[in-house]
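The next block is work39.cif, given as mmCIF, C-alpha atoms and all ligand atoms.
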data_run
#
loop_
_atom_site.label_atom_id
_atom_site.label_comp_id
_atom_site.auth_asym_id
_atom_site.auth_seq_id
_atom_site.Cartn_x
_atom_site.Cartn_y
_atom_site.Cartn_z
CA MET R 1 56.50 120.56 2.90
CA PRO R 2 53.64 119.73 0.56
CA GLU R 3 54.39 117.28 -2.24
CA LEU R 4 52.11 116.19 -5.06
CA PRO R 5 49.60 114.26 -2.90
CA GLU R 6 49.07 117.16 -0.50
CA VAL R 7 48.70 119.63 -3.38
CA GLU R 8 46.20 117.33 -5.11
CA PHE R 9 44.39 117.00 -1.77
CA CYS R 10 44.26 120.81 -1.59
CA ARG R 11 42.90 120.98 -5.15
CA ARG R 12 40.07 118.57 -4.33
CA ALA R 13 39.29 120.34 -1.05
CA VAL R 14 39.09 123.81 -2.65
CA LEU R 15 36.86 122.43 -5.42
CA CYS R 16 34.60 120.81 -2.85
CA TRP R 17 34.39 123.93 -0.66
CA THR R 18 33.53 126.18 -3.60
CA ALA R 19 31.28 123.84 -5.63
CA GLY R 20 28.34 125.74 -7.09
CA ARG R 21 29.48 128.99 -5.48
CA ARG R 22 30.95 132.27 -6.74
CA ILE R 23 33.58 134.33 -4.98
CA ALA R 24 31.84 137.50 -3.81
CA GLY R 25 34.83 139.29 -2.29
CA VAL R 26 38.60 139.11 -1.86
CA GLN R 27 40.26 140.24 1.39
CA VAL R 28 44.01 140.62 1.04
CA LEU R 29 45.33 140.57 4.61
CA ASP R 30 49.01 140.44 3.62
CA PRO R 31 49.71 141.83 0.11
CA ARG R 32 53.15 140.20 0.04
CA VAL R 33 51.66 136.89 -1.10
CA VAL R 34 50.07 138.42 -4.21
CA ARG R 35 52.71 138.49 -6.93
CA ASP R 36 53.01 139.86 -10.45
CA SER R 37 54.87 136.76 -11.60
CA ARG R 38 55.60 133.32 -10.22
CA THR R 39 59.26 134.03 -9.65
CA ASP R 40 58.75 137.28 -7.73
CA ARG R 41 60.00 137.39 -4.17
CA PRO R 42 57.47 138.40 -1.51
CA SER R 43 57.03 142.12 -2.02
CA ALA R 44 54.55 144.84 -1.25
CA GLY R 45 52.12 143.40 -3.81
CA SER R 46 51.63 145.69 -6.77
CA PRO R 47 48.28 147.54 -6.96
CA ALA R 48 47.84 146.13 -10.48
CA ALA R 49 48.18 142.54 -9.25
CA LEU R 50 45.76 143.15 -6.39
CA GLU R 51 43.19 144.68 -8.75
CA ARG R 52 43.64 141.79 -11.17
CA LEU R 53 43.17 139.19 -8.41
CA ASP R 54 39.93 140.81 -7.28
CA ARG R 55 38.52 141.09 -10.80
CA ILE R 56 39.43 137.54 -11.86
CA ALA R 57 38.34 135.81 -8.66
CA ARG R 58 34.88 137.38 -8.85
CA SER R 59 34.21 136.08 -12.36
CA ALA R 60 32.68 132.65 -13.03
CA PRO R 61 34.98 129.73 -12.05
CA LEU R 62 35.84 127.25 -14.81
CA GLY R 63 38.13 124.68 -13.16
CA LEU R 64 41.15 124.04 -10.96
CA ASP R 65 44.13 122.30 -12.59
CA ARG R 66 47.34 120.93 -11.10
CA HIS R 67 50.78 120.28 -12.54
CA GLY R 68 53.36 118.95 -10.09
CA LYS R 69 53.03 121.10 -6.99
CA ARG R 70 51.38 124.08 -8.70
CA LEU R 71 47.67 124.81 -9.05
CA LEU R 72 45.92 127.00 -11.61
CA TRP R 73 42.41 128.19 -10.87
CA ARG R 74 40.72 129.16 -14.13
CA PHE R 75 37.99 131.80 -14.20
CA GLU R 76 36.18 133.55 -17.03
CA ALA R 77 38.27 136.71 -16.59
CA GLY R 78 41.66 134.97 -16.29
CA SER R 79 43.59 132.45 -14.21
CA ILE R 80 45.10 132.46 -10.73
CA LEU R 81 48.24 130.46 -9.98
CA LEU R 82 48.27 129.04 -6.45
CA HIS R 83 51.64 127.95 -5.11
CA LEU R 84 51.86 126.47 -1.62
CA GLY R 85 55.65 126.70 -1.28
CA MET R 86 56.87 125.22 2.01
CA THR R 87 54.11 126.12 4.44
CA GLY R 88 51.19 127.50 2.41
CA ARG R 89 47.77 125.93 2.70
CA TRP R 90 44.14 126.64 2.01
CA THR R 91 41.75 126.13 4.83
CA ARG R 92 38.11 126.63 5.65
CA GLY R 93 38.61 126.91 9.39
CA PRO R 94 40.41 129.44 11.59
CA SER R 95 43.96 130.18 10.51
CA PRO R 96 46.92 131.52 12.53
CA PHE R 97 48.64 133.19 9.55
CA PRO R 98 45.85 134.34 7.21
CA LYS R 99 47.12 136.05 4.06
CA VAL R 100 44.18 136.10 1.63
CA ARG R 101 40.54 135.32 2.35
CA LEU R 102 38.03 134.55 -0.40
CA LEU R 103 34.44 135.30 0.60
CA LEU R 104 31.90 133.04 -1.07
CA ASP R 105 28.41 134.10 -2.07
CA ASP R 106 26.82 131.86 0.58
CA GLY R 107 28.62 133.64 3.42
CA ALA R 108 31.37 131.01 3.83
CA ALA R 109 35.06 131.81 3.28
CA ILE R 110 38.26 130.00 2.44
CA THR R 111 41.63 131.31 3.54
CA PHE R 112 45.19 131.02 2.27
CA HIS R 113 47.66 130.98 5.13
CA ASP R 114 51.42 130.82 4.86
CA PRO R 115 53.70 131.59 7.83
CA ARG R 116 56.92 131.52 5.80
CA LEU R 117 55.65 133.43 2.75
CA LEU R 118 57.29 131.04 0.29
CA GLY R 119 54.00 130.28 -1.42
CA GLY R 120 52.12 132.82 -3.44
CA ILE R 121 49.11 133.82 -5.51
CA VAL R 122 49.67 135.11 -9.05
CA PRO R 123 46.72 136.43 -11.09
CA PHE R 124 46.94 136.37 -14.91
CA SER R 125 44.47 138.19 -17.15
CA SER R 126 45.59 136.00 -20.04
CA HIS R 127 44.67 132.32 -19.90
CA ALA R 128 47.67 131.51 -22.06
CA GLU R 129 50.02 133.15 -19.57
CA GLY R 130 48.40 131.25 -16.73
CA GLN R 131 48.74 127.93 -18.53
CA GLN R 132 52.37 128.68 -19.25
CA ALA R 133 53.06 129.54 -15.61
CA LEU R 134 51.42 126.31 -14.46
CA SER R 135 54.01 124.12 -16.15
CA LEU R 136 56.92 126.40 -17.07
CA GLY R 137 60.22 124.73 -16.23
CA LEU R 138 58.54 121.54 -15.01
CA GLY R 139 58.88 118.00 -16.33
CA PRO R 140 55.93 115.63 -16.83
CA ASP R 141 53.50 115.34 -13.91
CA ALA R 142 54.38 112.42 -11.64
CA LEU R 143 50.78 111.28 -11.21
CA ARG R 144 49.21 111.89 -14.60
CA ASP R 145 52.06 111.32 -17.06
CA PRO R 146 54.35 108.34 -17.75
CA LEU R 147 57.63 108.46 -15.84
CA PRO R 148 60.19 109.92 -18.29
CA ALA R 149 63.61 108.42 -18.94
CA LEU R 150 65.87 109.58 -16.11
CA PRO R 151 69.07 111.21 -17.28
CA GLY R 152 72.69 111.27 -16.20
CA ARG R 153 74.91 110.12 -13.39
CA ARG R 154 73.32 112.07 -10.57
CA PRO R 155 71.87 109.86 -7.79
CA ILE R 156 68.42 108.65 -8.67
CA LYS R 157 66.73 110.17 -5.62
CA VAL R 158 68.14 113.61 -6.44
CA VAL R 159 66.88 113.29 -10.03
CA LEU R 160 63.41 112.18 -8.90
CA MET R 161 63.22 115.36 -6.80
CA ASP R 162 64.33 117.55 -9.72
CA GLN R 163 61.08 119.24 -10.77
CA SER R 164 62.41 119.89 -14.27
CA VAL R 165 62.71 116.11 -14.80
CA VAL R 166 59.50 114.94 -13.12
CA ALA R 167 57.11 117.32 -11.36
CA GLY R 168 55.55 116.67 -7.97
CA LEU R 169 57.86 114.34 -6.04
CA GLY R 170 59.70 115.68 -3.01
CA ASN R 171 61.94 114.11 -0.41
CA VAL R 172 59.40 111.77 1.18
CA GLN R 173 57.66 110.55 -1.97
CA ALA R 174 60.97 109.96 -3.79
CA MET R 175 62.58 107.95 -0.99
CA GLU R 176 59.49 105.85 -0.32
CA ALA R 177 59.02 105.11 -4.04
CA LEU R 178 62.65 103.96 -4.31
CA TRP R 179 62.08 101.59 -1.39
CA ARG R 180 59.00 100.16 -3.08
CA ALA R 181 61.06 99.66 -6.27
CA GLY R 182 64.03 98.12 -4.40
CA LEU R 183 66.43 100.73 -5.80
CA HIS R 184 69.24 102.37 -3.83
CA PRO R 185 68.90 106.17 -3.54
CA LEU R 186 72.53 106.67 -4.62
CA GLN R 187 72.22 104.60 -7.79
CA PRO R 188 72.97 106.70 -10.90
CA ALA R 189 69.66 107.73 -12.46
CA GLY R 190 70.72 107.04 -16.03
CA GLY R 191 71.77 103.47 -15.27
CA LEU R 192 68.26 102.01 -15.06
CA GLY R 193 67.42 99.21 -17.50
CA PRO R 194 63.89 98.92 -18.91
CA VAL R 195 62.77 96.44 -16.25
CA GLU R 196 63.99 98.64 -13.39
CA HIS R 197 62.47 101.72 -15.01
CA ARG R 198 59.11 99.98 -15.26
CA ARG R 199 59.41 98.88 -11.64
CA LEU R 200 60.17 102.43 -10.56
CA ALA R 201 57.29 103.86 -12.62
CA ASP R 202 54.90 101.41 -10.92
CA ALA R 203 56.42 102.18 -7.51
CA VAL R 204 55.86 105.94 -7.97
CA GLN R 205 52.18 105.33 -8.75
CA GLU R 206 51.82 102.93 -5.81
CA GLN R 207 53.49 105.42 -3.49
CA LEU R 208 51.27 108.31 -4.58
CA ALA R 209 48.16 106.11 -4.29
CA ALA R 210 49.22 104.97 -0.80
CA THR R 211 49.68 108.58 0.31
CA PHE R 212 46.24 109.55 -1.02
CA THR R 213 44.81 106.73 1.07
CA LEU R 214 46.67 107.99 4.15
CA LEU R 215 45.42 111.54 3.61
CA GLY R 216 41.87 110.21 3.53
CA ASP R 217 38.90 112.16 2.30
CA GLY R 218 38.84 114.93 4.90
CA HIS R 219 39.47 118.55 4.10
CA GLU R 220 42.43 119.47 6.31
CA VAL R 221 45.92 118.10 5.83
CA ALA R 222 49.13 118.25 7.90
CA TYR R 223 52.46 118.22 6.07
CA VAL R 224 54.56 115.34 7.33
CA GLU R 225 57.75 117.38 7.78
CA GLU R 226 56.03 119.93 10.04
CA PRO R 227 56.73 119.70 13.78
CA GLY R 228 54.11 117.62 15.54
CA ALA R 229 52.70 116.04 12.36
CA SER R 230 52.12 112.31 12.45
CA ASN R 231 54.38 110.12 10.33
CA PRO R 232 52.52 107.33 8.57
CA PHE R 233 55.37 106.38 6.20
CA PRO R 234 57.29 103.07 6.43
CA LEU R 235 60.81 104.57 6.04
CA TYR R 236 60.77 108.29 6.69
CA GLN R 237 62.52 109.13 10.02
CA ARG R 238 62.54 105.46 11.07
CA GLU R 239 66.26 104.86 11.42
CA GLY R 240 66.92 101.57 13.25
CA GLU R 241 63.32 100.36 13.03
CA PRO R 242 62.73 97.09 11.15
CA CYS R 243 61.86 97.36 7.47
CA PRO R 244 58.18 96.36 7.13
CA ARG R 245 59.11 94.09 4.22
CA CYS R 246 62.36 92.35 5.25
CA SER R 247 62.94 93.39 8.90
CA THR R 248 66.43 94.80 8.21
CA PRO R 249 67.02 97.93 10.34
CA ILE R 250 66.35 101.07 8.30
CA ALA R 251 69.42 103.24 7.71
CA THR R 252 69.84 106.94 6.96
CA PHE R 253 72.27 109.44 5.46
CA ARG R 254 72.26 113.03 4.23
CA GLN R 255 71.80 113.51 0.52
CA ALA R 256 71.73 116.92 -1.20
CA GLY R 257 70.99 118.51 2.16
CA ARG R 258 68.03 116.27 2.96
CA GLY R 259 67.67 113.21 5.16
CA THR R 260 67.36 109.99 3.18
CA TRP R 261 66.15 106.74 4.76
CA TRP R 262 66.58 103.39 3.03
CA CYS R 263 66.60 99.65 3.71
CA PRO R 264 69.96 97.91 3.19
CA GLY R 265 68.05 94.62 2.88
CA CYS R 266 65.59 95.63 0.13
CA GLN R 267 67.63 98.29 -1.61
CA GLY R 268 71.19 96.94 -1.29
CA THR R 269 74.30 98.81 -0.16
CA ARG R 270 76.67 100.97 -2.19
ZN ZN O 1 63.72 95.89 3.60
#
Please rewrite the model in this file as structure tokens.
Ligand SMILES: [Zn+2]
Amino acid sequence: MPELPEVEFCRRAVLCWTAGRRIAGVQVLDPRVVRDSRTDRPSAGSPAALERLDRIARSAPLGLDRHGKRLLWRFEAGSILLHLGMTGRWTRGPSPFPKVRLLLDDGAAITFHDPRLLGGIVPFSSHAEGQQALSLGLGPDALRDPLPALPGRRPIKVVLMDQSVVAGLGNVQAMEALWRAGLHPLQPAGGLGPVEHRRLADAVQEQLAATFTLLGDGHEVAYVEEPGASNPFPLYQREGEPCPRCSTPIATFRQAGRGTWWCPGCQGTR
């Protein structure tokens, strides 16, 4: 599943692929990914949304913004929200599940593919509506904004993954950041003192920066939780292996339906 680093990687790749170009045509191969609003389920794709997508995409591009795991592509005629969901991705090469193909004016094309249809493309004629959809319901961006105060008695890892508190972190980034900060994933989020909060804020930035380094500067990315993807992370799915920092065997448990890995040596026990 893409988290903030993979979405940012996608943003940079799409910008690179389309630099100096205009979109000359839009091929909608599966109208279910084109939605009238962000919260729509996959549907038949309304004719109005399809017309809007075509009109907006062919106008002059202005920029591609990201907030958390959402992207907003701004054009002169409106904005297009790009949401990758669980399995969505943009690619320049061949694609097994092509949904929408954008034809560029130099003959190249980029394709949105999404086998599970949990991502989507939402065109907005109004820039204000697009901007609102980009961040509606989301907390501050985990990369760009200061880490907010974390509320309540819920476990800290669950709160870090709550997009309404901080936007962009998912299961892998949250657990690895907590390891870097030496905080137990079950620790109540609201119990952090100022020193621990600072440590966690630094750890989140270090973790995101480390993942950007791992992703490299290529243009194709595999999502770590996909079958067959390589796992470059120190904790994720490494139960029983020695912690790279203190050599204690890494442990695991289920938390809010997701696997959590942690180091009893660095992060304590509860
Ligand atoms: Zn350790």
Could you give me, as a PyMOL selection string, every polymer residue with an atom at most 12 Å away from an atom of ligand ZN 1 (chain O), counting all atoms listed in the file? chain R and resi 176+178-184+234-235+240-251+261-269
Would you output that residue set with C-alpha atoms, as a compact mmCIF listing (two decimals), in the frame of the given file?
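The resulting file, selection_14.txt, is reproduced below:
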# COMPACT_ATOMS: atom_id res chain seq x y z
CA GLU R 176 59.49 105.85 -0.32
CA LEU R 178 62.65 103.96 -4.31
CA TRP R 179 62.08 101.59 -1.39
CA ARG R 180 59.00 100.16 -3.08
CA ALA R 181 61.06 99.66 -6.27
CA GLY R 182 64.03 98.12 -4.40
CA LEU R 183 66.43 100.73 -5.80
CA HIS R 184 69.24 102.37 -3.83
CA PRO R 234 57.29 103.07 6.43
CA LEU R 235 60.81 104.57 6.04
CA GLY R 240 66.92 101.57 13.25
CA GLU R 241 63.32 100.36 13.03
CA PRO R 242 62.73 97.09 11.15
CA CYS R 243 61.86 97.36 7.47
CA PRO R 244 58.18 96.36 7.13
CA ARG R 245 59.11 94.09 4.22
CA CYS R 246 62.36 92.35 5.25
CA SER R 247 62.94 93.39 8.90
CA THR R 248 66.43 94.80 8.21
CA PRO R 249 67.02 97.93 10.34
CA ILE R 250 66.35 101.07 8.30
CA ALA R 251 69.42 103.24 7.71
CA TRP R 261 66.15 106.74 4.76
CA TRP R 262 66.58 103.39 3.03
CA CYS R 263 66.60 99.65 3.71
CA PRO R 264 69.96 97.91 3.19
CA GLY R 265 68.05 94.62 2.88
CA CYS R 266 65.59 95.63 0.13
CA GLN R 267 67.63 98.29 -1.61
CA GLY R 268 71.19 96.94 -1.29
CA THR R 269 74.30 98.81 -0.16
request  = Tell me which of R:Ser95, R:Ser135, R:Gln255, R:Gln187 sits closest to R:Leu150, counting all atoms listed in the file.
outcome  =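 Distance minimum relative to R:Leu150 lands on R:Gln187.
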Students should find that atom CA of R:Phe75 and atom CA of R:Lys99 are spaced 20.9 Å
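Restricting the calculation to all atoms listed in the file, the smallest distance between R:Thr211 and any of R:Arg153, R:Val172, R:Leu29, R:Gly190 is found for R:Val172.
Of the residues under consideration (R:Leu214, R:Ala109, R:Met161, R:Leu186), R:Ala109 shows the shortest atom-to-atom contact distance to R:Trp90 when counting all atoms listed in the file.
For the pair atom CA of R:Leu82 and atom CA of R:Gly130, the interatomic distance is 10.5 Å.
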- [ ] In Å, rounded to a single decimal, give me how far atom CA of R:Asn171 is from atom CA of R:Arg70.
- [x]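 It comes out at 16.7 Å.
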R:Leu143 proximity check over R:Leu104, R:Ala174, R:Val166, R:Val195, using only C-alpha atoms: winner is R:Val166
Near-R:Arg22 list (12 Å; all atoms listed in the file; drop same-chain fewer than 6 positions) as a short mmCIF file (atom, residue, chain, number, x, y, z; two decimals) with C-alpha atoms, keeping the file's coordinate frame:
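Result file follows (part-v8.cif):
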data_model
loop_
_atom_site.label_atom_id
_atom_site.label_comp_id
_atom_site.auth_asym_id
_atom_site.auth_seq_id
_atom_site.Cartn_x
_atom_site.Cartn_y
_atom_site.Cartn_z
CA LEU R 15 36.86 122.43 -5.42
CA ILE R 56 39.43 137.54 -11.86
CA ALA R 57 38.34 135.81 -8.66
CA ARG R 58 34.88 137.38 -8.85
CA SER R 59 34.21 136.08 -12.36
CA ALA R 60 32.68 132.65 -13.03
CA PRO R 61 34.98 129.73 -12.05
CA LEU R 62 35.84 127.25 -14.81
CA PHE R 75 37.99 131.80 -14.20
CA GLU R 76 36.18 133.55 -17.03
CA LEU R 102 38.03 134.55 -0.40
CA LEU R 103 34.44 135.30 0.60
CA LEU R 104 31.90 133.04 -1.07
CA ASP R 105 28.41 134.10 -2.07
CA ASP R 106 26.82 131.86 0.58
CA GLY R 107 28.62 133.64 3.42
CA ALA R 108 31.37 131.01 3.83
CA ALA R 109 35.06 131.81 3.28
CA ILE R 110 38.26 130.00 2.44
#
